[in-house]
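The block underneath contains the structure these notes are about, expressed in structure tokens.
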Amino acid sequence: MHGSAGGDPVALIGPNAVLQTVAAMEARLGRAETCAILDDAQIAALPSGEAMIPEVQVLRLHRWLALHEPIGSFRIAEDAGARTADYIIAHRIPRLAIWLLRHLPAVVAAPLLMAAIRKHAWTFVGAGKFVPQSAWRFIIDRSRAGDPMMPPDSLFHWYAAVFTRLYCRLVAGDCTCQMAQLDAPYDAARVYRISRG
């Protein structure tokens, strides 16, 4: 969270939440449809990739993607999440750490990876809250994020895809991250479990 010109806090998020989603959209929908969604989401120019961006851009992008592509938005979110994780592995994690995680047993690598993710959670949860419960379970809670409306499910699907790829590439190749069944259809706190096999 950083202050805005008016003094109100502005939630920030890493630019790849937009950049990789747009790349996935272009691959699946084409340039024209992607531009139409970006116009509706009021994203006139893509982020440079060098600085954090207002989280509202990501929320608007996923909302309009879901309106344009109610079913396809989930496949796009899955692709975008995998692309985001690949970017993180290629550009944000030291080579030695990658080597170490890949050569440790999963029961050791998973807690180390989750600890690193927790440390950097501010870069991807924006106004939400990231709550690890173990190396294999976590919560993303937007109940106090001040969202004017619930983010679309595709955003929560994107989180699962990011974690699936990170765990598959760094912990064990048979990892899958999935959201648990919701207690209420519009629950702002989503529970995720990472399983193997």
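Each chain of the structure tokens is named A, B, ... in the order shown, its residues numbered from 1; ligands are numbered from 1 in display order.
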Write out as JSON, numbers by chain each polymer residue whose atoms come within 8 Å of range 108-122 of chain A, counting only C-alpha atoms; drop sequence neighbours fewer than 2 positions from it.
{"A": [13, 101, 102, 104, 105, 106, 124, 125, 126, 130, 131, 132, 134, 135, 136, 167, 170, 171]}
Listing only residues of range 119-189 of chain A within 6 Å of range 81-93 of chain A, what is the closest atom pair and its distance in Å (to one decimal) for each, using only C-alpha atoms, sorted by chain and residue number ascending, as CSV?
```
residue,atom,partner,partner_atom,distance
A:Trp158,CA,A:Gly81,CA,4.9
A:Ala161,CA,A:Gly81,CA,4.7
A:Val162,CA,A:Gly81,CA,4.3
A:Arg165,CA,A:Ala82,CA,5.5
A:Leu166,CA,A:Ala85,CA,5.7
```
Surrounding residues of Thr176 in chain A excluding itself and chain neighbours under 3 positions, 8 Å, only C-alpha atoms, as a ChimeraX atom specification:
/A:163-164,167-168,194-197
Using N, CA and C atoms, can you write the selected residues to a file as a PDB file, in the first residue's frame?
```pdb
ATOM      1  N   PHE A 163       0.505 -20.660  -8.264  1.00  0.00           N
ATOM      2  CA  PHE A 163       1.056 -21.578  -7.265  1.00  0.00           C
ATOM      3  C   PHE A 163       1.285 -22.971  -7.846  1.00  0.00           C
ATOM      4  N   THR A 164       0.382 -23.429  -8.701  1.00  0.00           N
ATOM      5  CA  THR A 164       0.584 -24.734  -9.335  1.00  0.00           C
ATOM      6  C   THR A 164       1.902 -24.765 -10.086  1.00  0.00           C
ATOM      7  N   TYR A 167       5.072 -24.491  -7.677  1.00  0.00           N
ATOM      8  CA  TYR A 167       5.328 -25.732  -6.954  1.00  0.00           C
ATOM      9  C   TYR A 167       5.775 -26.847  -7.899  1.00  0.00           C
ATOM     10  N   CYS A 168       5.166 -26.903  -9.091  1.00  0.00           N
ATOM     11  CA  CYS A 168       5.569 -27.934 -10.061  1.00  0.00           C
ATOM     12  C   CYS A 168       7.022 -27.758 -10.496  1.00  0.00           C
ATOM     13  N   ILE A 194      -2.547 -27.238  -1.840  1.00  0.00           N
ATOM     14  CA  ILE A 194      -1.608 -27.766  -2.830  1.00  0.00           C
ATOM     15  C   ILE A 194      -1.455 -29.254  -2.530  1.00  0.00           C
ATOM     16  N   SER A 195      -1.763 -30.071  -3.520  1.00  0.00           N
ATOM     17  CA  SER A 195      -1.688 -31.507  -3.340  1.00  0.00           C
ATOM     18  C   SER A 195      -0.730 -32.109  -4.356  1.00  0.00           C
ATOM     19  N   ARG A 196      -0.382 -33.353  -4.126  1.00  0.00           N
ATOM     20  CA  ARG A 196       0.523 -34.061  -5.039  1.00  0.00           C
ATOM     21  C   ARG A 196      -0.188 -35.284  -5.614  1.00  0.00           C
ATOM     22  N   GLY A 197       0.177 -35.592  -6.852  1.00  0.00           N
ATOM     23  CA  GLY A 197      -0.344 -36.787  -7.488  1.00  0.00           C
ATOM     24  C   GLY A 197      -1.642 -36.556  -8.227  1.00  0.00           C
TER      25      GLY A 197
END
```
If we count only C-alpha atoms, what is near Ser154 in chain A at a cut-off of 9 Å, once residues fewer than 4 positions away on the same chain are taken out, given as a PyMOL selection string?
chain A and resi 62-63+65-66+73-78+158-159
Can you write out the residues you just picked, keeping N, CA, C and O atoms, as a PDB file, in the first residue's frame?
```
ATOM      1  N   HIS A  62      -9.621  -8.212 -15.023  1.00  0.00           N
ATOM      2  CA  HIS A  62     -10.289  -9.500 -14.816  1.00  0.00           C
ATOM      3  C   HIS A  62     -11.806  -9.364 -14.882  1.00  0.00           C
ATOM      4  O   HIS A  62     -12.489 -10.251 -15.395  1.00  0.00           O
ATOM      5  N   ARG A  63     -12.342  -8.241 -14.397  1.00  0.00           N
ATOM      6  CA  ARG A  63     -13.796  -8.053 -14.474  1.00  0.00           C
ATOM      7  C   ARG A  63     -14.267  -8.001 -15.916  1.00  0.00           C
ATOM      8  O   ARG A  63     -15.258  -8.630 -16.292  1.00  0.00           O
ATOM      9  N   LEU A  65     -12.604  -9.017 -18.613  1.00  0.00           N
ATOM     10  CA  LEU A  65     -12.319 -10.290 -19.266  1.00  0.00           C
ATOM     11  C   LEU A  65     -13.457 -11.271 -18.980  1.00  0.00           C
ATOM     12  O   LEU A  65     -13.934 -11.957 -19.885  1.00  0.00           O
ATOM     13  N   ALA A  66     -13.907 -11.314 -17.720  1.00  0.00           N
ATOM     14  CA  ALA A  66     -14.996 -12.226 -17.358  1.00  0.00           C
ATOM     15  C   ALA A  66     -16.299 -11.851 -18.055  1.00  0.00           C
ATOM     16  O   ALA A  66     -17.088 -12.735 -18.424  1.00  0.00           O
ATOM     17  N   SER A  73     -12.519 -17.049 -19.695  1.00  0.00           N
ATOM     18  CA  SER A  73     -11.679 -16.300 -18.757  1.00  0.00           C
ATOM     19  C   SER A  73     -10.905 -17.227 -17.825  1.00  0.00           C
ATOM     20  O   SER A  73      -9.795 -16.897 -17.401  1.00  0.00           O
ATOM     21  N   PHE A  74     -11.460 -18.395 -17.534  1.00  0.00           N
ATOM     22  CA  PHE A  74     -10.766 -19.317 -16.633  1.00  0.00           C
ATOM     23  C   PHE A  74      -9.546 -19.938 -17.301  1.00  0.00           C
ATOM     24  O   PHE A  74      -8.495 -20.085 -16.689  1.00  0.00           O
ATOM     25  N   ARG A  75      -9.684 -20.302 -18.573  1.00  0.00           N
ATOM     26  CA  ARG A  75      -8.536 -20.844 -19.310  1.00  0.00           C
ATOM     27  C   ARG A  75      -7.461 -19.780 -19.478  1.00  0.00           C
ATOM     28  O   ARG A  75      -6.260 -20.059 -19.374  1.00  0.00           O
ATOM     29  N   ILE A  76      -7.888 -18.562 -19.734  1.00  0.00           N
ATOM     30  CA  ILE A  76      -6.934 -17.461 -19.880  1.00  0.00           C
ATOM     31  C   ILE A  76      -6.227 -17.188 -18.558  1.00  0.00           C
ATOM     32  O   ILE A  76      -5.013 -16.988 -18.523  1.00  0.00           O
ATOM     33  N   ALA A  77      -6.980 -17.206 -17.454  1.00  0.00           N
ATOM     34  CA  ALA A  77      -6.377 -16.991 -16.134  1.00  0.00           C
ATOM     35  C   ALA A  77      -5.366 -18.089 -15.814  1.00  0.00           C
ATOM     36  O   ALA A  77      -4.302 -17.822 -15.242  1.00  0.00           O
ATOM     37  N   GLU A  78      -5.683 -19.313 -16.193  1.00  0.00           N
ATOM     38  CA  GLU A  78      -4.762 -20.430 -15.957  1.00  0.00           C
ATOM     39  C   GLU A  78      -3.476 -20.244 -16.750  1.00  0.00           C
ATOM     40  O   GLU A  78      -2.369 -20.418 -16.217  1.00  0.00           O
ATOM     41  N   TRP A 158      -6.477 -17.466 -11.182  1.00  0.00           N
ATOM     42  CA  TRP A 158      -5.122 -17.048 -11.556  1.00  0.00           C
ATOM     43  C   TRP A 158      -4.148 -17.352 -10.424  1.00  0.00           C
ATOM     44  O   TRP A 158      -3.049 -17.874 -10.664  1.00  0.00           O
ATOM     45  N   TYR A 159      -4.528 -17.055  -9.177  1.00  0.00           N
ATOM     46  CA  TYR A 159      -3.658 -17.362  -8.039  1.00  0.00           C
ATOM     47  C   TYR A 159      -3.332 -18.850  -7.996  1.00  0.00           C
ATOM     48  O   TYR A 159      -2.181 -19.239  -7.794  1.00  0.00           O
TER      49      TYR A 159
END
```
Residues within 9 Å of Asp40 in chain A, please, as a PyMOL selection string. Count only C-alpha atoms; anything in the same chain fewer than 2 positions from it doesn't count.
chain A and resi 35-38+42-43+60-61+64
Selection above as a file: all heavy atoms, as an mmCIF file, in the first residue's frame:
```
data_model
loop_
_atom_site.group_PDB
_atom_site.id
_atom_site.type_symbol
_atom_site.label_atom_id
_atom_site.label_comp_id
_atom_site.auth_asym_id
_atom_site.auth_seq_id
_atom_site.Cartn_x
_atom_site.Cartn_y
_atom_site.Cartn_z
ATOM 1 N N CYS A 35 -7.689 -5.823 -27.308
ATOM 2 C CA CYS A 35 -7.743 -4.354 -27.262
ATOM 3 C C CYS A 35 -9.109 -3.865 -26.789
ATOM 4 O O CYS A 35 -9.197 -2.886 -26.033
ATOM 5 C CB CYS A 35 -7.417 -3.768 -28.625
ATOM 6 S SG CYS A 35 -5.657 -3.852 -29.048
ATOM 7 N N ALA A 36 -10.170 -4.546 -27.200
ATOM 8 C CA ALA A 36 -11.511 -4.164 -26.764
ATOM 9 C C ALA A 36 -11.661 -4.327 -25.260
ATOM 10 O O ALA A 36 -12.249 -3.475 -24.582
ATOM 11 C CB ALA A 36 -12.554 -4.998 -27.501
ATOM 12 N N ILE A 37 -11.123 -5.414 -24.715
ATOM 13 C CA ILE A 37 -11.192 -5.645 -23.270
ATOM 14 C C ILE A 37 -10.350 -4.609 -22.528
ATOM 15 O O ILE A 37 -10.776 -4.060 -21.499
ATOM 16 C CB ILE A 37 -10.745 -7.077 -22.925
ATOM 17 C CG1 ILE A 37 -11.730 -8.092 -23.526
ATOM 18 C CG2 ILE A 37 -10.626 -7.266 -21.417
ATOM 19 C CD1 ILE A 37 -11.260 -9.530 -23.462
ATOM 20 N N LEU A 38 -9.164 -4.306 -23.044
ATOM 21 C CA LEU A 38 -8.305 -3.290 -22.415
ATOM 22 C C LEU A 38 -8.988 -1.926 -22.424
ATOM 23 O O LEU A 38 -8.912 -1.173 -21.445
ATOM 24 C CB LEU A 38 -6.963 -3.212 -23.133
ATOM 25 C CG LEU A 38 -6.009 -4.388 -22.886
ATOM 26 C CD1 LEU A 38 -4.818 -4.318 -23.833
ATOM 27 C CD2 LEU A 38 -5.537 -4.414 -21.442
ATOM 28 N N GLN A 42 -10.239 0.322 -19.106
ATOM 29 C CA GLN A 42 -9.599 1.626 -18.971
ATOM 30 C C GLN A 42 -8.085 1.520 -18.773
ATOM 31 O O GLN A 42 -7.490 2.245 -17.983
ATOM 32 C CB GLN A 42 -10.217 2.410 -17.809
ATOM 33 C CG GLN A 42 -11.710 2.637 -17.962
ATOM 34 C CD GLN A 42 -12.316 3.277 -16.724
ATOM 35 O OE1 GLN A 42 -11.704 4.110 -16.075
ATOM 36 N NE2 GLN A 42 -13.530 2.871 -16.399
ATOM 37 N N ILE A 43 -7.478 0.578 -19.502
ATOM 38 C CA ILE A 43 -6.025 0.441 -19.495
ATOM 39 C C ILE A 43 -5.538 0.937 -20.850
ATOM 40 O O ILE A 43 -5.557 0.215 -21.846
ATOM 41 C CB ILE A 43 -5.594 -1.016 -19.246
ATOM 42 C CG1 ILE A 43 -6.111 -1.479 -17.870
ATOM 43 C CG2 ILE A 43 -4.077 -1.155 -19.316
ATOM 44 C CD1 ILE A 43 -5.850 -2.932 -17.559
ATOM 45 N N ARG A 60 -9.934 -4.466 -12.703
ATOM 46 C CA ARG A 60 -10.751 -4.080 -13.859
ATOM 47 C C ARG A 60 -10.505 -5.008 -15.039
ATOM 48 O O ARG A 60 -11.449 -5.386 -15.746
ATOM 49 C CB ARG A 60 -10.450 -2.635 -14.262
ATOM 50 C CG ARG A 60 -11.050 -1.593 -13.349
ATOM 51 C CD ARG A 60 -11.110 -0.224 -14.014
ATOM 52 N NE ARG A 60 -9.850 0.188 -14.599
ATOM 53 C CZ ARG A 60 -9.057 1.136 -14.101
ATOM 54 N NH1 ARG A 60 -9.387 1.781 -12.999
ATOM 55 N NH2 ARG A 60 -7.936 1.454 -14.711
ATOM 56 N N LEU A 61 -9.256 -5.403 -15.256
ATOM 57 C CA LEU A 61 -8.941 -6.291 -16.378
ATOM 58 C C LEU A 61 -9.664 -7.626 -16.220
ATOM 59 O O LEU A 61 -10.294 -8.116 -17.167
ATOM 60 C CB LEU A 61 -7.426 -6.507 -16.469
ATOM 61 C CG LEU A 61 -6.945 -7.412 -17.608
ATOM 62 C CD1 LEU A 61 -7.369 -6.856 -18.958
ATOM 63 C CD2 LEU A 61 -5.432 -7.585 -17.548
ATOM 64 N N TRP A 64 -13.564 -7.217 -16.733
ATOM 65 C CA TRP A 64 -13.986 -7.082 -18.128
ATOM 66 C C TRP A 64 -13.679 -8.327 -18.946
ATOM 67 O O TRP A 64 -14.432 -8.686 -19.852
ATOM 68 C CB TRP A 64 -13.379 -5.825 -18.751
ATOM 69 C CG TRP A 64 -14.120 -4.613 -18.309
ATOM 70 C CD1 TRP A 64 -13.777 -3.717 -17.342
ATOM 71 C CD2 TRP A 64 -15.400 -4.189 -18.794
ATOM 72 N NE1 TRP A 64 -14.744 -2.762 -17.189
ATOM 73 C CE2 TRP A 64 -15.754 -3.022 -18.067
ATOM 74 C CE3 TRP A 64 -16.280 -4.668 -19.758
ATOM 75 C CZ2 TRP A 64 -16.943 -2.333 -18.290
ATOM 76 C CZ3 TRP A 64 -17.459 -3.996 -19.975
ATOM 77 C CH2 TRP A 64 -17.790 -2.835 -19.254
#
```
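Within range 8-179 of chain A, residues classed as strand (DSSP E) by DSSP on backbone coordinates are Pro9, Val10, Leu12, Ile13, Ile53, Pro54, Lys129, Phe130, Val131, Pro132, Gln133, Ser134, Arg137, Phe138, Ile139, Ile140, Asp141, Cys175, Thr176, Cys177, Gln178 and Met179 of chain A.
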Using C-alpha atoms, can you write the selected residues to a file as a short mmCIF file (atom, residue, chain, number, x, y, z; two decimals), in the first residue's frame?
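Result file is again.cif:
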```
data_model
loop_
_atom_site.label_atom_id
_atom_site.label_comp_id
_atom_site.auth_asym_id
_atom_site.auth_seq_id
_atom_site.Cartn_x
_atom_site.Cartn_y
_atom_site.Cartn_z
CA PRO A 9 -3.79 4.52 0.27
CA VAL A 10 -3.46 2.90 -3.14
CA LEU A 12 -0.15 -1.86 -5.63
CA ILE A 13 0.64 -5.12 -7.37
CA ILE A 53 1.09 -0.76 -10.64
CA PRO A 54 -2.27 0.12 -9.01
CA LYS A 129 -4.28 -10.56 2.82
CA PHE A 130 -2.13 -13.66 2.29
CA VAL A 131 -2.28 -16.15 5.16
CA PRO A 132 -0.13 -19.30 4.91
CA GLN A 133 -1.49 -22.10 7.08
CA SER A 134 1.21 -24.60 6.18
CA ARG A 137 -2.30 -24.60 2.37
CA PHE A 138 -2.98 -20.86 2.36
CA ILE A 139 -5.77 -18.28 2.33
CA ILE A 140 -6.19 -15.21 0.15
CA ASP A 141 -8.61 -12.94 1.95
CA CYS A 175 1.81 -30.56 -7.54
CA THR A 176 -1.58 -28.97 -8.13
CA CYS A 177 -3.04 -25.96 -6.33
CA GLN A 178 -6.83 -25.79 -6.07
CA MET A 179 -9.37 -23.70 -4.22
#
```
